[in-house]
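Student: target.pdb is the file, holding PDB, C-alpha atoms and all ligand atoms:
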```
ATOM      1  CA  MET W   1      55.033  87.979 136.369  1.00  0.00           C
ATOM      2  CA  HIS W   2      54.642  85.490 133.579  1.00  0.00           C
ATOM      3  CA  LEU W   3      57.823  85.130 131.582  1.00  0.00           C
ATOM      4  CA  GLU W   4      58.402  83.156 128.460  1.00  0.00           C
ATOM      5  CA  ILE W   5      61.402  82.610 126.267  1.00  0.00           C
ATOM      6  CA  LYS W   6      61.534  84.868 123.225  1.00  0.00           C
ATOM      7  CA  VAL W   7      62.375  82.988 120.075  1.00  0.00           C
ATOM      8  CA  TYR W   8      64.241  84.271 117.017  1.00  0.00           C
ATOM      9  CA  PRO W   9      63.412  86.529 115.125  1.00  0.00           C
ATOM     10  CA  ASP W  10      61.782  88.353 118.072  1.00  0.00           C
ATOM     11  CA  THR W  11      63.068  91.962 117.967  1.00  0.00           C
ATOM     12  CA  MET W  12      63.830  91.911 121.720  1.00  0.00           C
ATOM     13  CA  LEU W  13      66.749  89.584 120.938  1.00  0.00           C
ATOM     14  CA  ARG W  14      68.376  92.337 118.850  1.00  0.00           C
ATOM     15  CA  LYS W  15      68.016  95.140 121.358  1.00  0.00           C
ATOM     16  CA  LYS W  16      70.899  96.365 123.519  1.00  0.00           C
ATOM     17  CA  ALA W  17      69.777  95.882 127.113  1.00  0.00           C
ATOM     18  CA  GLY W  18      69.905  98.745 129.595  1.00  0.00           C
ATOM     19  CA  SER W  19      72.214  98.850 132.624  1.00  0.00           C
ATOM     20  CA  VAL W  20      70.718  98.021 135.992  1.00  0.00           C
ATOM     21  CA  LYS W  21      71.001 101.120 138.173  1.00  0.00           C
ATOM     22  CA  LYS W  22      69.724  99.642 141.406  1.00  0.00           C
ATOM     23  CA  ILE W  23      69.545  96.009 142.458  1.00  0.00           C
ATOM     24  CA  GLY W  24      66.308  95.516 144.340  1.00  0.00           C
ATOM     25  CA  LYS W  25      63.464  93.127 144.932  1.00  0.00           C
ATOM     26  CA  GLU W  26      62.361  93.220 141.316  1.00  0.00           C
ATOM     27  CA  GLU W  27      65.787  92.213 140.008  1.00  0.00           C
ATOM     28  CA  ARG W  28      66.145  89.425 142.574  1.00  0.00           C
ATOM     29  CA  ARG W  29      62.706  88.101 141.702  1.00  0.00           C
ATOM     30  CA  LEU W  30      63.534  88.226 137.993  1.00  0.00           C
ATOM     31  CA  ALA W  31      66.793  86.324 138.506  1.00  0.00           C
ATOM     32  CA  CYS W  32      64.949  83.606 140.462  1.00  0.00           C
ATOM     33  CA  ASP W  33      62.323  83.286 137.751  1.00  0.00           C
ATOM     34  CA  MET W  34      65.027  83.111 135.105  1.00  0.00           C
ATOM     35  CA  ILE W  35      66.805  80.315 136.960  1.00  0.00           C
ATOM     36  CA  GLU W  36      63.565  78.368 137.062  1.00  0.00           C
ATOM     37  CA  ILE W  37      62.919  78.905 133.348  1.00  0.00           C
ATOM     38  CA  MET W  38      66.474  77.927 132.465  1.00  0.00           C
ATOM     39  CA  ARG W  39      66.200  74.707 134.462  1.00  0.00           C
ATOM     40  CA  SER W  40      62.849  73.697 133.049  1.00  0.00           C
ATOM     41  CA  ALA W  41      64.199  74.309 129.529  1.00  0.00           C
ATOM     42  CA  ASN W  42      67.423  72.425 130.317  1.00  0.00           C
ATOM     43  CA  GLY W  43      69.544  75.423 129.407  1.00  0.00           C
ATOM     44  CA  LEU W  44      73.019  76.305 130.643  1.00  0.00           C
ATOM     45  CA  GLY W  45      72.339  80.011 130.912  1.00  0.00           C
ATOM     46  CA  LEU W  46      69.815  82.730 130.199  1.00  0.00           C
ATOM     47  CA  ALA W  47      69.876  86.485 129.644  1.00  0.00           C
ATOM     48  CA  ALA W  48      67.018  88.823 130.641  1.00  0.00           C
ATOM     49  CA  PRO W  49      66.297  89.967 127.038  1.00  0.00           C
ATOM     50  CA  GLN W  50      65.509  86.332 126.247  1.00  0.00           C
ATOM     51  CA  VAL W  51      62.501  86.588 128.526  1.00  0.00           C
ATOM     52  CA  GLY W  52      61.538  90.013 127.184  1.00  0.00           C
ATOM     53  CA  ILE W  53      63.219  92.169 129.846  1.00  0.00           C
ATOM     54  CA  SER W  54      65.711  94.679 128.526  1.00  0.00           C
ATOM     55  CA  LYS W  55      68.052  94.672 131.506  1.00  0.00           C
ATOM     56  CA  ARG W  56      71.678  93.611 131.851  1.00  0.00           C
ATOM     57  CA  ILE W  57      71.067  90.510 133.949  1.00  0.00           C
ATOM     58  CA  ILE W  58      72.321  87.019 133.129  1.00  0.00           C
ATOM     59  CA  ILE W  59      72.281  83.715 134.876  1.00  0.00           C
ATOM     60  CA  ALA W  60      74.447  80.661 134.358  1.00  0.00           C
ATOM     61  CA  GLY W  61      74.004  77.205 135.715  1.00  0.00           C
ATOM     62  CA  ASP W  62      76.914  75.997 137.778  1.00  0.00           C
ATOM     63  CA  THR W  63      78.555  73.502 135.454  1.00  0.00           C
ATOM     64  CA  GLU W  64      79.931  71.494 138.383  1.00  0.00           C
ATOM     65  CA  ASN W  65      77.044  71.666 140.807  1.00  0.00           C
ATOM     66  CA  LYS W  66      73.738  71.356 138.967  1.00  0.00           C
ATOM     67  CA  SER W  67      71.690  72.523 141.919  1.00  0.00           C
ATOM     68  CA  SER W  68      73.243  75.962 142.003  1.00  0.00           C
ATOM     69  CA  ALA W  69      73.354  78.844 139.575  1.00  0.00           C
ATOM     70  CA  ILE W  70      74.916  82.277 139.478  1.00  0.00           C
ATOM     71  CA  ALA W  71      73.255  85.568 138.627  1.00  0.00           C
ATOM     72  CA  LEU W  72      75.285  88.495 137.349  1.00  0.00           C
ATOM     73  CA  ILE W  73      74.162  92.080 137.017  1.00  0.00           C
ATOM     74  CA  ASN W  74      75.799  94.409 134.466  1.00  0.00           C
ATOM     75  CA  PRO W  75      78.406  91.761 133.543  1.00  0.00           C
ATOM     76  CA  VAL W  76      81.397  92.705 131.390  1.00  0.00           C
ATOM     77  CA  VAL W  77      84.215  90.600 129.940  1.00  0.00           C
ATOM     78  CA  VAL W  78      87.296  92.476 131.089  1.00  0.00           C
ATOM     79  CA  LYS W  79      89.943  90.016 129.882  1.00  0.00           C
ATOM     80  CA  LYS W  80      89.955  87.094 127.458  1.00  0.00           C
ATOM     81  CA  ARG W  81      92.529  84.643 126.179  1.00  0.00           C
ATOM     82  CA  GLY W  82      92.926  81.586 124.018  1.00  0.00           C
ATOM     83  CA  VAL W  83      90.743  79.919 121.427  1.00  0.00           C
ATOM     84  CA  SER W  84      88.236  77.127 121.819  1.00  0.00           C
ATOM     85  CA  HIS W  85      85.632  75.415 119.695  1.00  0.00           C
ATOM     86  CA  PHE W  86      82.307  74.270 121.062  1.00  0.00           C
ATOM     87  CA  CYS W  87      78.985  73.241 119.603  1.00  0.00           C
ATOM     88  CA  GLU W  88      76.636  75.954 120.894  1.00  0.00           C
ATOM     89  CA  GLY W  89      72.901  76.133 121.047  1.00  0.00           C
ATOM     90  CA  CYS W  90      70.495  78.734 122.382  1.00  0.00           C
ATOM     91  CA  LEU W  91      67.060  78.576 123.989  1.00  0.00           C
ATOM     92  CA  SER W  92      65.991  81.378 121.632  1.00  0.00           C
ATOM     93  CA  LEU W  93      67.030  79.340 118.584  1.00  0.00           C
ATOM     94  CA  PRO W  94      65.587  75.953 119.517  1.00  0.00           C
ATOM     95  CA  GLY W  95      66.922  73.039 117.522  1.00  0.00           C
ATOM     96  CA  LEU W  96      69.925  74.860 116.063  1.00  0.00           C
ATOM     97  CA  THR W  97      73.526  74.191 116.978  1.00  0.00           C
ATOM     98  CA  SER W  98      76.809  75.199 115.462  1.00  0.00           C
ATOM     99  CA  ASP W  99      80.479  75.134 116.201  1.00  0.00           C
ATOM    100  CA  VAL W 100      81.384  78.584 117.542  1.00  0.00           C
ATOM    101  CA  VAL W 101      84.932  79.808 118.161  1.00  0.00           C
ATOM    102  CA  ARG W 102      85.438  81.899 121.292  1.00  0.00           C
ATOM    103  CA  PRO W 103      88.218  82.739 123.739  1.00  0.00           C
ATOM    104  CA  ASP W 104      88.679  79.859 126.170  1.00  0.00           C
ATOM    105  CA  TRP W 105      89.510  81.907 129.252  1.00  0.00           C
ATOM    106  CA  VAL W 106      87.866  85.061 130.541  1.00  0.00           C
ATOM    107  CA  ILE W 107      87.639  87.384 133.488  1.00  0.00           C
ATOM    108  CA  VAL W 108      84.089  88.663 133.887  1.00  0.00           C
ATOM    109  CA  GLU W 109      83.161  91.437 136.291  1.00  0.00           C
ATOM    110  CA  GLY W 110      79.697  92.314 137.478  1.00  0.00           C
ATOM    111  CA  PHE W 111      77.539  92.440 140.595  1.00  0.00           C
ATOM    112  CA  ASN W 112      75.658  89.775 142.482  1.00  0.00           C
ATOM    113  CA  LEU W 113      72.070  90.121 143.687  1.00  0.00           C
ATOM    114  CA  ASP W 114      73.271  91.732 146.918  1.00  0.00           C
ATOM    115  CA  GLY W 115      74.993  94.442 144.921  1.00  0.00           C
ATOM    116  CA  GLU W 116      78.471  93.181 145.728  1.00  0.00           C
ATOM    117  CA  LYS W 117      81.115  93.375 143.058  1.00  0.00           C
ATOM    118  CA  LEU W 118      82.101  89.995 141.609  1.00  0.00           C
ATOM    119  CA  LYS W 119      85.127  89.016 139.597  1.00  0.00           C
ATOM    120  CA  ILE W 120      84.947  85.588 137.965  1.00  0.00           C
ATOM    121  CA  GLU W 121      88.015  84.069 136.363  1.00  0.00           C
ATOM    122  CA  THR W 122      87.055  80.955 134.484  1.00  0.00           C
ATOM    123  CA  ALA W 123      87.802  78.745 131.476  1.00  0.00           C
ATOM    124  CA  GLY W 124      85.977  76.055 129.559  1.00  0.00           C
ATOM    125  CA  LEU W 125      82.203  75.675 129.658  1.00  0.00           C
ATOM    126  CA  LEU W 126      81.383  78.422 132.166  1.00  0.00           C
ATOM    127  CA  ALA W 127      83.574  80.893 130.257  1.00  0.00           C
ATOM    128  CA  ARG W 128      81.629  80.025 127.123  1.00  0.00           C
ATOM    129  CA  VAL W 129      78.216  80.333 128.759  1.00  0.00           C
ATOM    130  CA  LEU W 130      79.104  83.738 130.242  1.00  0.00           C
ATOM    131  CA  GLN W 131      80.286  85.048 126.867  1.00  0.00           C
ATOM    132  CA  HIS W 132      77.178  83.734 125.116  1.00  0.00           C
ATOM    133  CA  GLU W 133      74.860  85.358 127.666  1.00  0.00           C
ATOM    134  CA  ILE W 134      76.729  88.671 127.685  1.00  0.00           C
ATOM    135  CA  ASP W 135      76.377  88.691 123.878  1.00  0.00           C
ATOM    136  CA  HIS W 136      72.596  88.541 124.377  1.00  0.00           C
ATOM    137  CA  LEU W 137      72.766  91.792 126.370  1.00  0.00           C
ATOM    138  CA  ASN W 138      74.237  93.421 123.280  1.00  0.00           C
ATOM    139  CA  GLY W 139      71.710  91.932 120.879  1.00  0.00           C
ATOM    140  CA  VAL W 140      74.221  89.403 119.559  1.00  0.00           C
ATOM    141  CA  LEU W 141      73.321  85.765 118.884  1.00  0.00           C
ATOM    142  CA  PHE W 142      75.664  82.824 118.391  1.00  0.00           C
ATOM    143  CA  ILE W 143      74.689  82.663 114.710  1.00  0.00           C
ATOM    144  CA  ASP W 144      76.368  86.067 114.311  1.00  0.00           C
ATOM    145  CA  ARG W 145      79.677  84.491 115.272  1.00  0.00           C
ATOM    146  CA  ILE W 146      79.802  81.874 112.518  1.00  0.00           C
ATOM    147  CA  GLY W 147      80.515  82.078 108.784  1.00  0.00           C
ATOM    148  CA  LEU W 148      77.991  83.791 106.539  1.00  0.00           C
ATOM    149  CA  LEU W 149      77.117  80.698 104.501  1.00  0.00           C
ATOM    150  CA  ARG W 150      76.598  78.543 107.521  1.00  0.00           C
ATOM    151  CA  ARG W 151      74.543  81.276 109.152  1.00  0.00           C
ATOM    152  CA  LYS W 152      72.274  81.553 106.116  1.00  0.00           C
ATOM    153  CA  ARG W 153      71.831  77.794 106.042  1.00  0.00           C
ATOM    154  CA  LEU W 154      70.952  77.642 109.754  1.00  0.00           C
ATOM    155  CA  ILE W 155      68.449  80.515 109.474  1.00  0.00           C
ATOM    156  CA  ARG W 156      66.800  78.801 106.488  1.00  0.00           C
ATOM    157  CA  GLN W 157      66.655  75.546 108.410  1.00  0.00           C
ATOM    158  CA  PHE W 158      65.153  77.359 111.400  1.00  0.00           C
ATOM    159  CA  SER W 159      62.611  79.410 109.439  1.00  0.00           C
ATOM    160  CA  SER W 160      61.318  76.363 107.644  1.00  0.00           C
ATOM    161  CA  LYS W 161      60.261  74.982 111.027  1.00  0.00           C
ATOM    162  CA  LEU W 162      58.433  78.121 112.199  1.00  0.00           C
TER     163      LEU W 162
HETATM  164 ZN    ZN W 201      71.372  82.121 123.921  1.00  0.00          ZN
END
```
As a first step, turn the structure in this file into structure tokens.
Tutor:
Amino acid sequence: MHLEIKVYPDTMLRKKAGSVKKIGKEERRLACDMIEIMRSANGLGLAAPQVGISKRIIIAGDTENKSSAIALINPVVVKKRGVSHFCEGCLSLPGLTSDVVRPDWVIVEGFNLDGEKLKIETAGLLARVLQHEIDHLNGVLFIDRIGLLRRKRLIRQFSSKL
């Protein structure tokens, strides 16, 4: 399967991804491919819709150990707390960054590639990456989480480069 990163304003980025009913070979293969794509693009995370697959699968690079990454199936933020600012970017909006306010601490639940239930309690960068990627599963981009004027300016800046 040849996958490539979908770039804004690709309509796939606005679609709500479907739940994964069964975790099999196809899903494991997809997660591996996504990890490879994320690494070669120097990203911190990636969601399946970003490579044109409408499934609730995300991956996140391990922020402490660069050689490992986690894959999460049907991830959900079940608890969140605090406020943090961070300058976010996105592989689907190359060249754009903006300060985005998000909760600093989250509990995310989902399944790993073996179908086992996972519960991740985390703060800081990983918490941010997980929230950003889960947003992608709902068709939400980081530019939706900033002020209207700044969003318009960023989209103009981006479109002028297309
Ligand atoms: Zn993104």
Student: Give me the result of the PyMOL selection byres (((chain W and resi 55) around 12) and not hetatm) on this file, residue by residue, as a count of residues only.
Tutor: 35
Student: Produce as number ranges by chain the set of residues near ligand ZN 201 (chain W), where near means within 6 Å with only C-alpha atoms and all ligand atoms considered.
Tutor: W: 90-92
Student: If we count all atoms listed in the file, what is near Glu88 (chain W) at a cut-off of 8 Å, once residues fewer than 5 positions away on the same chain are taken out, given as an MDAnalysis selection string?
Tutor: chainID W and resid 97:100 142
Student: With the file shown as input, list the residues that the PyMOL selection byres (((chain W and resi 38) around 10) and not hetatm) selects, as number ranges by chain.
Tutor: W: 5, 32-37, 39-47, 59-61, 69, 91
Student: Using only C-alpha atoms, which residues sit within 8 Å of region 103-120 of chain W once same-chain residues fewer than 2 positions away are excluded, as a PyMOL selection string?
Tutor: chain W and resi 23-24+27-28+71-84+101+122-124+127-128+130
Student: Can you tell me, as lines of an AutoDock Vina configuration file, the centre and edge lengths (Å, one decimal) of the axis-aligned box enclosing all of region 7-15 of chain W's listed atoms after padding each side by 4 Å?
Tutor:
```
center_x = 65.1
center_y = 89.1
center_z = 118.4
size_x = 14.6
size_y = 20.2
size_z = 14.6
```
Student: Name all residues at most 10 Å from Leu93 (chain W) (count all atoms listed in the file; drop same-chain ones fewer than 2 positions away) and give them as a list in words.
Tutor: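 The contact residues come out as Lys6, Val7, Tyr8, Pro9, Gly89, Cys90, Leu91, Gly95, Leu96, Thr97, Leu141, Phe142, Ile143, Leu154, Ile155 and Phe158 of chain W.
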Student: Can you work out the spacing between CA of Gln131 (chain W) and CA of Arg145 (chain W) in Å, to one decimal?
Tutor: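 Going from CA of Gln131 (chain W) over to CA of Arg145 (chain W) covers 11.6 Å.
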Student: To one decimal place in Å, what is the distance between CA of Glu121 (chain W) and CA of Asp62 (chain W)?
Tutor: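 Pair CA of Glu121 (chain W) / CA of Asp62 (chain W) returns 13.8 Å.
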